[in-house]
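Asker: File name coords.pdb; file contents PDB, C-alpha atoms, pLDDT in the B column; full text below.
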```pdb
MODEL        1
ATOM      1  CA  PHE A 159       6.780 -11.551  16.961  1.00 49.00           C
ATOM      2  CA  PHE A 160       4.642 -11.003  13.865  1.00 56.00           C
ATOM      3  CA  LEU A 161       6.713  -7.996  12.772  1.00 56.00           C
ATOM      4  CA  SER A 162       9.910 -10.013  13.201  1.00 58.00           C
ATOM      5  CA  LEU A 163       8.419 -12.782  11.080  1.00 55.00           C
ATOM      6  CA  ILE A 164       7.477 -10.350   8.305  1.00 58.00           C
ATOM      7  CA  LEU A 165      10.862  -8.650   8.295  1.00 55.00           C
ATOM      8  CA  GLY A 166      12.715 -11.911   8.504  1.00 56.00           C
ATOM      9  CA  THR A 167      11.032 -13.223   5.377  1.00 55.00           C
ATOM     10  CA  THR A 168      11.015  -9.890   3.569  1.00 50.00           C
ATOM     11  CA  LEU A 169      14.486  -8.448   3.607  1.00 52.00           C
ATOM     12  CA  ALA A 170      16.623  -9.581   0.715  1.00 52.00           C
ATOM     13  CA  HIS A 171      20.371 -10.139   0.768  1.00 71.00           C
ATOM     14  CA  GLY A 172      21.933  -8.295  -2.146  1.00 90.00           C
ATOM     15  CA  ALA A 173      23.892  -5.191  -2.968  1.00 96.00           C
ATOM     16  CA  THR A 174      22.847  -1.798  -1.608  1.00 97.00           C
ATOM     17  CA  VAL A 175      22.423   0.843  -4.316  1.00 98.00           C
ATOM     18  CA  VAL A 176      21.940   4.525  -3.408  1.00 98.00           C
ATOM     19  CA  VAL A 177      20.005   6.446  -6.074  1.00 98.00           C
ATOM     20  CA  THR A 178      19.042  10.055  -6.793  1.00 98.00           C
ATOM     21  CA  ASP A 179      16.073  11.441  -8.680  1.00 97.00           C
ATOM     22  CA  SER A 180      18.287  11.768 -11.780  1.00 97.00           C
ATOM     23  CA  ASN A 181      19.456   8.134 -11.986  1.00 98.00           C
ATOM     24  CA  ALA A 182      16.909   6.072 -10.030  1.00 98.00           C
ATOM     25  CA  GLN A 183      15.130   4.445 -12.975  1.00 98.00           C
ATOM     26  CA  THR A 184      18.389   3.569 -14.718  1.00 98.00           C
ATOM     27  CA  GLU A 185      19.803   1.982 -11.572  1.00 98.00           C
ATOM     28  CA  ILE A 186      16.591   0.045 -10.918  1.00 98.00           C
ATOM     29  CA  ASN A 187      16.552  -1.256 -14.488  1.00 98.00           C
ATOM     30  CA  SER A 188      20.072  -2.619 -14.064  1.00 98.00           C
ATOM     31  CA  ALA A 189      19.674  -3.876 -10.481  1.00 98.00           C
ATOM     32  CA  ALA A 190      19.978  -7.568  -9.657  1.00 97.00           C
ATOM     33  CA  ASN A 191      17.360  -9.564  -7.791  1.00 97.00           C
ATOM     34  CA  GLY A 192      17.777  -9.063  -4.058  1.00 97.00           C
ATOM     35  CA  ASP A 193      19.316  -5.588  -4.291  1.00 98.00           C
ATOM     36  CA  ILE A 194      18.309  -2.902  -1.797  1.00 98.00           C
ATOM     37  CA  ILE A 195      17.558   0.455  -3.441  1.00 98.00           C
ATOM     38  CA  ARG A 196      17.980   3.429  -1.119  1.00 98.00           C
ATOM     39  CA  PHE A 197      16.459   6.720  -2.269  1.00 98.00           C
ATOM     40  CA  MET A 198      18.212  10.025  -1.624  1.00 98.00           C
ATOM     41  CA  PRO A 199      16.003  13.082  -0.943  1.00 98.00           C
ATOM     42  CA  GLY A 200      14.491  14.423  -4.155  1.00 98.00           C
ATOM     43  CA  THR A 201      11.363  14.249  -6.304  1.00 98.00           C
ATOM     44  CA  TYR A 202      10.579  11.007  -8.112  1.00 98.00           C
ATOM     45  CA  PRO A 203       7.494  11.352 -10.368  1.00 98.00           C
ATOM     46  CA  LYS A 204       7.293   7.644 -11.301  1.00 98.00           C
ATOM     47  CA  ILE A 205       9.341   4.536 -10.542  1.00 98.00           C
ATOM     48  CA  SER A 206       8.764   1.323 -12.515  1.00 98.00           C
ATOM     49  CA  VAL A 207       9.888  -2.174 -11.536  1.00 98.00           C
ATOM     50  CA  VAL A 208       9.526  -4.988 -14.093  1.00 97.00           C
ATOM     51  CA  ASP A 209      10.260  -8.660 -13.345  1.00 97.00           C
ATOM     52  CA  LYS A 210      12.615  -7.970 -10.437  1.00 97.00           C
ATOM     53  CA  ASP A 211      12.879  -8.764  -6.715  1.00 98.00           C
ATOM     54  CA  LEU A 212      13.924  -5.565  -4.921  1.00 98.00           C
ATOM     55  CA  VAL A 213      13.733  -3.718  -1.609  1.00 98.00           C
ATOM     56  CA  PHE A 214      13.063   0.044  -1.487  1.00 98.00           C
ATOM     57  CA  LYS A 215      14.126   2.201   1.462  1.00 98.00           C
ATOM     58  CA  HIS A 216      14.792   5.877   2.087  1.00 98.00           C
ATOM     59  CA  HIS A 217      18.413   6.929   2.513  1.00 97.00           C
ATOM     60  CA  GLY A 218      18.915   9.210   5.493  1.00 91.00           C
ATOM     61  CA  SER A 219      16.440  11.030   7.696  1.00 92.00           C
ATOM     62  CA  VAL A 220      14.937  13.205   4.922  1.00 93.00           C
ATOM     63  CA  LYS A 221      12.502  11.140   2.874  1.00 95.00           C
ATOM     64  CA  ALA A 222      12.317  11.138  -0.900  1.00 98.00           C
ATOM     65  CA  ASN A 223       9.167  12.580  -2.480  1.00 98.00           C
ATOM     66  CA  VAL A 224       7.847   9.659  -4.532  1.00 98.00           C
ATOM     67  CA  PHE A 225       4.675  10.223  -6.545  1.00 98.00           C
ATOM     68  CA  GLU A 226       4.090   6.759  -8.023  1.00 98.00           C
ATOM     69  CA  ILE A 227       5.545   3.247  -7.941  1.00 98.00           C
ATOM     70  CA  GLU A 228       4.434   0.641 -10.465  1.00 98.00           C
ATOM     71  CA  ALA A 229       5.613  -2.951 -10.037  1.00 98.00           C
ATOM     72  CA  ASN A 230       4.862  -5.474 -12.781  1.00 97.00           C
ATOM     73  CA  GLY A 231       5.555  -9.167 -12.241  1.00 97.00           C
ATOM     74  CA  SER A 232       7.878  -8.279  -9.376  1.00 98.00           C
ATOM     75  CA  LYS A 233       8.507  -9.087  -5.736  1.00 98.00           C
ATOM     76  CA  LEU A 234       8.807  -5.623  -4.221  1.00 98.00           C
ATOM     77  CA  ASP A 235       9.405  -4.849  -0.545  1.00 98.00           C
ATOM     78  CA  LEU A 236       8.811  -1.298   0.718  1.00 98.00           C
ATOM     79  CA  ILE A 237      10.408  -0.974   4.157  1.00 98.00           C
ATOM     80  CA  ASP A 238      10.078   2.264   6.161  1.00 97.00           C
ATOM     81  CA  PHE A 239       9.194   3.904   2.840  1.00 98.00           C
ATOM     82  CA  SER A 240       6.535   6.321   1.596  1.00 98.00           C
ATOM     83  CA  ALA A 241       4.851   7.145  -1.711  1.00 98.00           C
ATOM     84  CA  ALA A 242       1.669   8.792  -2.917  1.00 98.00           C
ATOM     85  CA  GLU A 243       0.525   5.791  -4.974  1.00 98.00           C
ATOM     86  CA  VAL A 244       1.675   2.197  -5.361  1.00 98.00           C
ATOM     87  CA  PHE A 245       0.452  -0.198  -8.054  1.00 98.00           C
ATOM     88  CA  ALA A 246       1.425  -3.880  -8.101  1.00 98.00           C
ATOM     89  CA  ASN A 247       0.397  -6.027 -11.064  1.00 97.00           C
ATOM     90  CA  LYS A 248       0.518  -9.711 -11.921  1.00 95.00           C
ATOM     91  CA  SER A 249       2.582 -11.277 -14.674  1.00 93.00           C
ATOM     92  CA  GLN A 250       2.100 -14.543 -16.531  1.00 90.00           C
ATOM     93  CA  ASN A 251       5.852 -15.110 -16.429  1.00 87.00           C
ATOM     94  CA  ARG A 252       6.621 -15.067 -12.707  1.00 94.00           C
ATOM     95  CA  THR A 253       5.074 -14.884  -9.235  1.00 95.00           C
ATOM     96  CA  SER A 254       4.428 -11.357  -7.981  1.00 97.00           C
ATOM     97  CA  ARG A 255       4.419 -10.084  -4.407  1.00 98.00           C
ATOM     98  CA  LEU A 256       4.077  -6.763  -2.632  1.00 98.00           C
ATOM     99  CA  ARG A 257       5.218  -6.351   0.967  1.00 98.00           C
ATOM    100  CA  VAL A 258       4.823  -3.010   2.711  1.00 98.00           C
ATOM    101  CA  VAL A 259       6.100  -2.596   6.260  1.00 98.00           C
ATOM    102  CA  ARG A 260       6.089   0.646   8.278  1.00 97.00           C
ATOM    103  CA  GLY A 261       5.425   3.479   5.861  1.00 97.00           C
ATOM    104  CA  LYS A 262       3.044   6.217   4.758  1.00 98.00           C
ATOM    105  CA  TYR A 263       1.016   6.073   1.541  1.00 98.00           C
ATOM    106  CA  GLY A 264      -1.896   7.723  -0.195  1.00 98.00           C
ATOM    107  CA  ARG A 265      -3.259   4.770  -2.168  1.00 98.00           C
ATOM    108  CA  ILE A 266      -2.077   1.196  -2.643  1.00 98.00           C
ATOM    109  CA  THR A 267      -3.666  -0.901  -5.407  1.00 98.00           C
ATOM    110  CA  SER A 268      -2.409  -4.468  -5.578  1.00 98.00           C
ATOM    111  CA  ASP A 269      -3.195  -7.275  -7.989  1.00 97.00           C
ATOM    112  CA  ALA A 270      -0.037  -9.139  -6.963  1.00 98.00           C
ATOM    113  CA  ASP A 271      -0.339 -12.838  -6.190  1.00 97.00           C
ATOM    114  CA  ASN A 272       0.289 -12.035  -2.546  1.00 98.00           C
ATOM    115  CA  THR A 273       0.291  -8.761  -0.626  1.00 98.00           C
ATOM    116  CA  ILE A 274       1.334  -7.963   2.940  1.00 98.00           C
ATOM    117  CA  LEU A 275       0.604  -4.533   4.397  1.00 98.00           C
ATOM    118  CA  ALA A 276       1.767  -4.095   7.980  1.00 98.00           C
ATOM    119  CA  TYR A 277       2.167  -1.274  10.516  1.00 98.00           C
ATOM    120  CA  SER A 278       1.714   1.535   7.999  1.00 98.00           C
ATOM    121  CA  THR A 279      -0.440   4.648   7.676  1.00 98.00           C
ATOM    122  CA  LEU A 280      -2.400   5.281   4.492  1.00 98.00           C
ATOM    123  CA  ASN A 281      -5.599   6.590   2.975  1.00 98.00           C
ATOM    124  CA  TYR A 282      -6.816   3.808   0.681  1.00 98.00           C
ATOM    125  CA  MET A 283      -6.085   0.152  -0.112  1.00 98.00           C
ATOM    126  CA  LYS A 284      -7.548  -1.956  -2.926  1.00 98.00           C
ATOM    127  CA  LEU A 285      -6.678  -5.650  -3.100  1.00 98.00           C
ATOM    128  CA  THR A 286      -7.677  -8.064  -5.869  1.00 97.00           C
ATOM    129  CA  ASP A 287      -5.865 -11.200  -4.705  1.00 97.00           C
ATOM    130  CA  SER A 288      -4.666 -12.847  -1.496  1.00 97.00           C
ATOM    131  CA  GLY A 289      -3.014 -10.937   1.305  1.00 98.00           C
ATOM    132  CA  ILE A 290      -2.600  -9.925   4.932  1.00 98.00           C
ATOM    133  CA  ILE A 291      -3.514  -6.444   6.172  1.00 98.00           C
ATOM    134  CA  THR A 292      -2.473  -6.031   9.790  1.00 98.00           C
ATOM    135  CA  GLY A 293      -1.702  -3.314  12.317  1.00 98.00           C
ATOM    136  CA  ASN A 294      -2.276  -0.319  10.026  1.00 98.00           C
ATOM    137  CA  GLU A 295      -4.037   3.017  10.360  1.00 98.00           C
ATOM    138  CA  PHE A 296      -6.401   3.862   7.509  1.00 98.00           C
ATOM    139  CA  ASP A 297      -7.174   7.578   7.652  1.00 98.00           C
ATOM    140  CA  GLY A 298      -9.915   8.877   5.353  1.00 97.00           C
ATOM    141  CA  ASN A 299      -9.612  12.497   6.449  1.00 96.00           C
ATOM    142  CA  SER A 300      -5.909  13.464   6.420  1.00 97.00           C
ATOM    143  CA  GLN A 301      -4.375  14.184   3.026  1.00 98.00           C
ATOM    144  CA  PHE A 302      -0.804  12.883   3.161  1.00 98.00           C
ATOM    145  CA  PHE A 303       0.001  13.521  -0.512  1.00 98.00           C
ATOM    146  CA  SER A 304      -1.362  16.146  -2.895  1.00 97.00           C
ATOM    147  CA  GLN A 305      -1.728  13.470  -5.601  1.00 97.00           C
ATOM    148  CA  VAL A 306      -4.369  11.565  -3.578  1.00 98.00           C
ATOM    149  CA  SER A 307      -7.494  13.404  -2.488  1.00 96.00           C
ATOM    150  CA  VAL A 308      -9.483  12.300   0.558  1.00 96.00           C
ATOM    151  CA  GLY A 309     -13.116  12.356   1.615  1.00 90.00           C
ATOM    152  CA  GLY A 310     -15.567   9.470   1.509  1.00 90.00           C
ATOM    153  CA  GLY A 311     -14.336   6.471  -0.422  1.00 93.00           C
ATOM    154  CA  ILE A 312     -13.431   3.044   0.946  1.00 96.00           C
ATOM    155  CA  GLY A 313     -10.612   2.406   3.387  1.00 98.00           C
ATOM    156  CA  ILE A 314      -9.993  -1.273   2.570  1.00 98.00           C
ATOM    157  CA  ASP A 315     -11.554  -2.512  -0.678  1.00 98.00           C
ATOM    158  CA  ILE A 316     -11.265  -6.268  -1.303  1.00 97.00           C
ATOM    159  CA  ASN A 317     -12.473  -7.319  -4.756  1.00 96.00           C
ATOM    160  CA  ALA A 318     -11.285 -10.828  -5.577  1.00 92.00           C
ATOM    161  CA  SER A 319     -13.178 -13.929  -6.670  1.00 88.00           C
ATOM    162  CA  SER A 320     -10.744 -16.589  -5.404  1.00 87.00           C
ATOM    163  CA  ALA A 321      -8.457 -15.223  -2.711  1.00 94.00           C
ATOM    164  CA  ASN A 322      -7.625 -15.646   0.966  1.00 97.00           C
ATOM    165  CA  VAL A 323      -7.337 -12.394   2.893  1.00 98.00           C
ATOM    166  CA  MET A 324      -6.718 -11.624   6.567  1.00 98.00           C
ATOM    167  CA  ILE A 325      -7.668  -8.169   7.881  1.00 98.00           C
ATOM    168  CA  ASN A 326      -6.820  -7.739  11.552  1.00 98.00           C
ATOM    169  CA  ASN A 327      -5.840  -5.159  14.159  1.00 98.00           C
ATOM    170  CA  ASN A 328      -6.344  -2.118  11.924  1.00 98.00           C
ATOM    171  CA  TYR A 329      -7.666   1.322  12.880  1.00 98.00           C
ATOM    172  CA  ILE A 330      -9.972   2.570  10.103  1.00 98.00           C
ATOM    173  CA  HIS A 331     -11.553   5.982  10.518  1.00 98.00           C
ATOM    174  CA  ASP A 332     -13.103   9.137   9.059  1.00 97.00           C
ATOM    175  CA  TYR A 333     -14.302   8.004   5.643  1.00 96.00           C
ATOM    176  CA  LYS A 334     -17.055  10.570   5.585  1.00 93.00           C
ATOM    177  CA  LEU A 335     -18.786  13.098   3.368  1.00 92.00           C
ATOM    178  CA  SER A 336     -21.522  15.669   3.545  1.00 83.00           C
ATOM    179  CA  ASP A 337     -23.469  15.178   0.317  1.00 80.00           C
ATOM    180  CA  ASN A 338     -27.149  15.849  -0.401  1.00 77.00           C
ATOM    181  CA  GLY A 339     -27.163  13.516  -3.409  1.00 78.00           C
ATOM    182  CA  ASN A 340     -27.127   9.739  -3.642  1.00 82.00           C
ATOM    183  CA  LEU A 341     -23.882   8.035  -2.638  1.00 81.00           C
ATOM    184  CA  TYR A 342     -22.590   4.740  -3.963  1.00 85.00           C
ATOM    185  CA  ASN A 343     -19.575   2.906  -2.527  1.00 88.00           C
ATOM    186  CA  GLN A 344     -18.641   5.825  -0.310  1.00 92.00           C
ATOM    187  CA  CYS A 345     -17.952   6.273   3.409  1.00 94.00           C
ATOM    188  CA  ILE A 346     -17.070   2.598   3.918  1.00 95.00           C
ATOM    189  CA  GLY A 347     -14.403   1.251   6.263  1.00 97.00           C
ATOM    190  CA  ILE A 348     -14.110  -2.249   4.740  1.00 97.00           C
ATOM    191  CA  ARG A 349     -15.845  -3.525   1.605  1.00 97.00           C
ATOM    192  CA  ILE A 350     -15.779  -7.159   0.442  1.00 96.00           C
ATOM    193  CA  ALA A 351     -16.842  -7.966  -3.135  1.00 94.00           C
ATOM    194  CA  SER A 352     -16.719 -10.981  -5.506  1.00 93.00           C
ATOM    195  CA  LEU A 353     -16.830 -13.602  -2.714  1.00 91.00           C
ATOM    196  CA  PRO A 354     -13.219 -14.061  -1.574  1.00 94.00           C
ATOM    197  CA  LYS A 355     -12.474 -15.815   1.703  1.00 96.00           C
ATOM    198  CA  VAL A 356     -11.791 -13.032   4.200  1.00 97.00           C
ATOM    199  CA  ASP A 357     -11.123 -13.194   7.950  1.00 98.00           C
ATOM    200  CA  ILE A 358     -11.844  -9.848   9.642  1.00 98.00           C
ATOM    201  CA  LEU A 359     -10.681  -9.737  13.248  1.00 98.00           C
ATOM    202  CA  ASN A 360     -10.221  -7.071  15.903  1.00 98.00           C
ATOM    203  CA  ASN A 361     -10.433  -3.953  13.714  1.00 98.00           C
ATOM    204  CA  TYR A 362     -11.645  -0.596  15.047  1.00 98.00           C
ATOM    205  CA  ILE A 363     -13.811   1.301  12.554  1.00 98.00           C
ATOM    206  CA  LYS A 364     -15.297   4.698  13.373  1.00 97.00           C
ATOM    207  CA  ASN A 365     -16.662   7.908  11.820  1.00 95.00           C
ATOM    208  CA  CYS A 366     -17.555   6.447   8.425  1.00 94.00           C
ATOM    209  CA  TYR A 367     -20.792   8.161   7.365  1.00 91.00           C
ATOM    210  CA  ASP A 368     -22.562  10.790   5.269  1.00 89.00           C
ATOM    211  CA  SER A 369     -23.198  13.639   7.669  1.00 82.00           C
ATOM    212  CA  SER A 370     -25.929  15.226   5.568  1.00 77.00           C
ATOM    213  CA  ARG A 371     -28.051  12.052   5.736  1.00 62.00           C
ATOM    214  CA  HIS A 372     -26.920  10.839   9.139  1.00 54.00           C
ATOM    215  CA  GLY A 373     -26.481   7.349   7.694  1.00 51.00           C
TER     216      GLY A 373
ENDMDL
END
```
For this file, write the structure as structure tokens.
Answerer:
Amino acid sequence: FFLSLILGTTLAHGATVVVTDSNAQTEINSAANGDIIRFMPGTYPKISVVDKDLVFKHHGSVKANVFEIEANGSKLDLIDFSAAEVFANKSQNRTSRLRVVRGKYGRITSDADNTILAYSTLNYMKLTDSGIITGNEFDGNSQFFSQVSVGGGIGIDINASSANVMINNNYIHDYKLSDNGNLYNQCIGIRIASLPKVDILNNYIKNCYDSSRHG
């Protein structure tokens, strides 16, 4: 039911545009709000979205190799997609939103007004405003993309002074190191900073530790 609700309120109704790694940015720049951008196999070093409402999907069974997505002042939906890094930023001109459903990512950093991350697999998530994080696997040990290294770190990092966040039904594991020195903000499944309102329910966190100190 929850997945149907997310998809039902996420998917836009616009034109479908199939892009390649040679014309993707040009097509995105000229796309209309509500368009669905489908990525052909290829290598995409960086994709930028500015002040647009778009949906990104892969085209076909072979996934595109996307290094970085940066969305500024946009409502961006990533459906069955994958990318090494995703950055979503606010804008003073319009409401921003990031919705990620069923995908694989290295790192997602979102300052959008609202973020939904659901049923995906990733290494790291940092959120600085309101959002829902549900049904994901956060893996601190498996390197999915060469651009994002793993080991230690923080699986879910919430750093927002006035935000409402729900974190539920996630599997968060293997944020670990073996380090003889002092560690700060490492080997943590979920970290909450700056006093947001956060509901944390029914998450499974394991193997987050410094093996050299047994802490």
Asker: Selection in question (the file shown): the PyMOL selection byres ((chain A and resi 243) around 9). Which residues does it include, as a JSON list (two decimals) with C-alpha atoms, keeping the file's coordinate frame?
Answerer:
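So the final result, stored in result-v9.json, reads:
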```
[["chain", "number", "residue", "atom", "x", "y", "z"],
["A", 224, "VAL", "CA", 7.85, 9.66, -4.53],
["A", 225, "PHE", "CA", 4.68, 10.22, -6.54],
["A", 226, "GLU", "CA", 4.09, 6.76, -8.02],
["A", 227, "ILE", "CA", 5.54, 3.25, -7.94],
["A", 228, "GLU", "CA", 4.43, 0.64, -10.46],
["A", 240, "SER", "CA", 6.54, 6.32, 1.60],
["A", 241, "ALA", "CA", 4.85, 7.14, -1.71],
["A", 242, "ALA", "CA", 1.67, 8.79, -2.92],
["A", 244, "VAL", "CA", 1.68, 2.20, -5.36],
["A", 245, "PHE", "CA", 0.45, -0.20, -8.05],
["A", 263, "TYR", "CA", 1.02, 6.07, 1.54],
["A", 264, "GLY", "CA", -1.90, 7.72, -0.20],
["A", 265, "ARG", "CA", -3.26, 4.77, -2.17],
["A", 266, "ILE", "CA", -2.08, 1.20, -2.64],
["A", 267, "THR", "CA", -3.67, -0.90, -5.41],
["A", 303, "PHE", "CA", 0.00, 13.52, -0.51],
["A", 305, "GLN", "CA", -1.73, 13.47, -5.60],
["A", 306, "VAL", "CA", -4.37, 11.56, -3.58]]
```
Asker: Of the candidates A:Met324, A:Ala229, A:Ile195, A:Val356, which one gets nearest to Asp209 of chain A if we count only C-alpha atoms?
Answerer: A:Ala229
Asker: Using all atoms listed in the file, which residue out of A:Ser370, A:Ser180, A:Ser278, A:Asn361 lies closest to Lys204 of chain A?
Answerer: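 Of all the options, A:Ser180 lies closest to Lys204 of chain A.
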Asker: Give as a PyMOL selection string the residues that the PyMOL selection byres ((chain A and resi 328-342) around 9) matches when applied to the coordinates above.
Answerer: chain A and resi 277+291-300+308-314+325-327+343-348+359-371
Asker: Going by the chain IDs and residue numbers used in this file, which residues fall under the PyMOL selection byres ((chain A and resi 222) around 7)? Write them as a VMD selection string.
Answerer: chain A and resid 197 to 201 216 220 to 221 223 to 224
Asker: One number please: atom CA of Glu185 of chain A to atom CA of Gly218 of chain A, in Å, one decimal.
Answerer: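 Interatomic distance here is 18.6 Å.
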Asker: Excluding segment 252-254 of chain A and residues on its chain fewer than 2 positions from it, collect all residues at most 6 Å away from it, counting all atoms listed in the file, and give them as a list in words.
Answerer: Gly231, Ser232, Lys233, Lys248, Ser249, Gln250, Ala270 and Asp271 of chain A
Asker: Quick one: 6 Å padding each side, axis-aligned, all listed atoms of segment 335-338 of chain A - centre and edge lengths in Å to one decimal, as JSON?
Answerer:
```
{"center_x": -23.0, "center_y": 14.5, "center_z": 1.6, "size_x": 20.4, "size_y": 14.8, "size_z": 15.9}
```
Asker: Can you measure atom CA of Ser219 of chain A to atom CA of Ser304 of chain A for me? One decimal in Å is fine.
Answerer: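 We find that atom CA of Ser219 of chain A and atom CA of Ser304 of chain A lie 21.3 Å from each other.
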Asker: Out of A:Gly261, A:Gly192, A:Gly289, A:Pro354, which residue has the shortest atom-to-atom distance to Val213 of chain A when counting all atoms listed in the file?
Answerer: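 Closest to Val213 of chain A of all the choices is A:Gly192.
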Asker: A:Ala318, A:Ile194, A:Ala246, A:Ile237: which is nearest Val207 of chain A, counting all atoms listed in the file?
Answerer: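 The closest residue to Val207 of chain A is A:Ala246.
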Asker: Please complete segment 303-310 of chain A so it has all heavy atoms, and hand it over as a PDB file, keeping the file's coordinate frame.
Answerer:
```
ATOM      1  N   PHE A 303      -0.661  13.200   0.756  1.00 98.00           N
ATOM      2  CA  PHE A 303       0.001  13.521  -0.512  1.00 98.00           C
ATOM      3  C   PHE A 303      -0.976  14.288  -1.395  1.00 98.00           C
ATOM      4  O   PHE A 303      -2.152  13.927  -1.484  1.00 98.00           O
ATOM      5  CB  PHE A 303       0.451  12.249  -1.239  1.00 98.00           C
ATOM      6  CG  PHE A 303       1.417  11.402  -0.456  1.00 98.00           C
ATOM      7  CD1 PHE A 303       0.952  10.402   0.391  1.00 98.00           C
ATOM      8  CD2 PHE A 303       2.778  11.609  -0.551  1.00 98.00           C
ATOM      9  CE1 PHE A 303       1.828   9.622   1.122  1.00 98.00           C
ATOM     10  CE2 PHE A 303       3.671  10.837   0.176  1.00 98.00           C
ATOM     11  CZ  PHE A 303       3.196   9.845   1.011  1.00 98.00           C
ATOM     12  N   SER A 304      -0.483  15.319  -2.054  1.00 97.00           N
ATOM     13  CA  SER A 304      -1.362  16.146  -2.895  1.00 97.00           C
ATOM     14  C   SER A 304      -1.929  15.355  -4.066  1.00 97.00           C
ATOM     15  O   SER A 304      -2.978  15.720  -4.619  1.00 97.00           O
ATOM     16  CB  SER A 304      -0.590  17.370  -3.414  1.00 97.00           C
ATOM     17  OG  SER A 304       0.524  16.981  -4.206  1.00 97.00           O
ATOM     18  N   GLN A 305      -1.272  14.267  -4.459  1.00 97.00           N
ATOM     19  CA  GLN A 305      -1.728  13.470  -5.601  1.00 97.00           C
ATOM     20  C   GLN A 305      -2.953  12.611  -5.270  1.00 97.00           C
ATOM     21  O   GLN A 305      -3.612  12.097  -6.169  1.00 97.00           O
ATOM     22  CB  GLN A 305      -0.604  12.552  -6.099  1.00 97.00           C
ATOM     23  CG  GLN A 305       0.600  13.268  -6.662  1.00 97.00           C
ATOM     24  CD  GLN A 305       1.565  13.721  -5.585  1.00 97.00           C
ATOM     25  OE1 GLN A 305       1.438  13.374  -4.410  1.00 97.00           O
ATOM     26  NE2 GLN A 305       2.546  14.527  -5.969  1.00 97.00           N
ATOM     27  N   VAL A 306      -3.258  12.427  -3.986  1.00 98.00           N
ATOM     28  CA  VAL A 306      -4.369  11.565  -3.578  1.00 98.00           C
ATOM     29  C   VAL A 306      -5.320  12.365  -2.705  1.00 98.00           C
ATOM     30  O   VAL A 306      -5.003  12.717  -1.569  1.00 98.00           O
ATOM     31  CB  VAL A 306      -3.854  10.327  -2.808  1.00 98.00           C
ATOM     32  CG1 VAL A 306      -5.026   9.460  -2.370  1.00 98.00           C
ATOM     33  CG2 VAL A 306      -2.882   9.529  -3.675  1.00 98.00           C
ATOM     34  N   SER A 307      -6.497  12.651  -3.240  1.00 96.00           N
ATOM     35  CA  SER A 307      -7.494  13.404  -2.488  1.00 96.00           C
ATOM     36  C   SER A 307      -8.202  12.488  -1.497  1.00 96.00           C
ATOM     37  O   SER A 307      -8.226  11.259  -1.646  1.00 96.00           O
ATOM     38  CB  SER A 307      -8.514  14.037  -3.435  1.00 96.00           C
ATOM     39  OG  SER A 307      -9.178  13.039  -4.194  1.00 96.00           O
ATOM     40  N   VAL A 308      -8.788  13.073  -0.470  1.00 96.00           N
ATOM     41  CA  VAL A 308      -9.483  12.300   0.558  1.00 96.00           C
ATOM     42  C   VAL A 308     -10.911  12.802   0.687  1.00 96.00           C
ATOM     43  O   VAL A 308     -11.281  13.841   0.148  1.00 96.00           O
ATOM     44  CB  VAL A 308      -8.755  12.388   1.918  1.00 96.00           C
ATOM     45  CG1 VAL A 308      -7.381  11.757   1.826  1.00 96.00           C
ATOM     46  CG2 VAL A 308      -8.650  13.834   2.392  1.00 96.00           C
ATOM     47  N   GLY A 309     -11.709  12.034   1.428  1.00 90.00           N
ATOM     48  CA  GLY A 309     -13.116  12.356   1.615  1.00 90.00           C
ATOM     49  C   GLY A 309     -13.970  11.224   1.075  1.00 90.00           C
ATOM     50  O   GLY A 309     -13.921  10.910  -0.111  1.00 90.00           O
ATOM     51  N   GLY A 310     -14.756  10.598   1.944  1.00 90.00           N
ATOM     52  CA  GLY A 310     -15.567   9.470   1.509  1.00 90.00           C
ATOM     53  C   GLY A 310     -14.699   8.293   1.124  1.00 90.00           C
ATOM     54  O   GLY A 310     -13.667   8.021   1.717  1.00 90.00           O
TER      55      GLY A 310
END
```
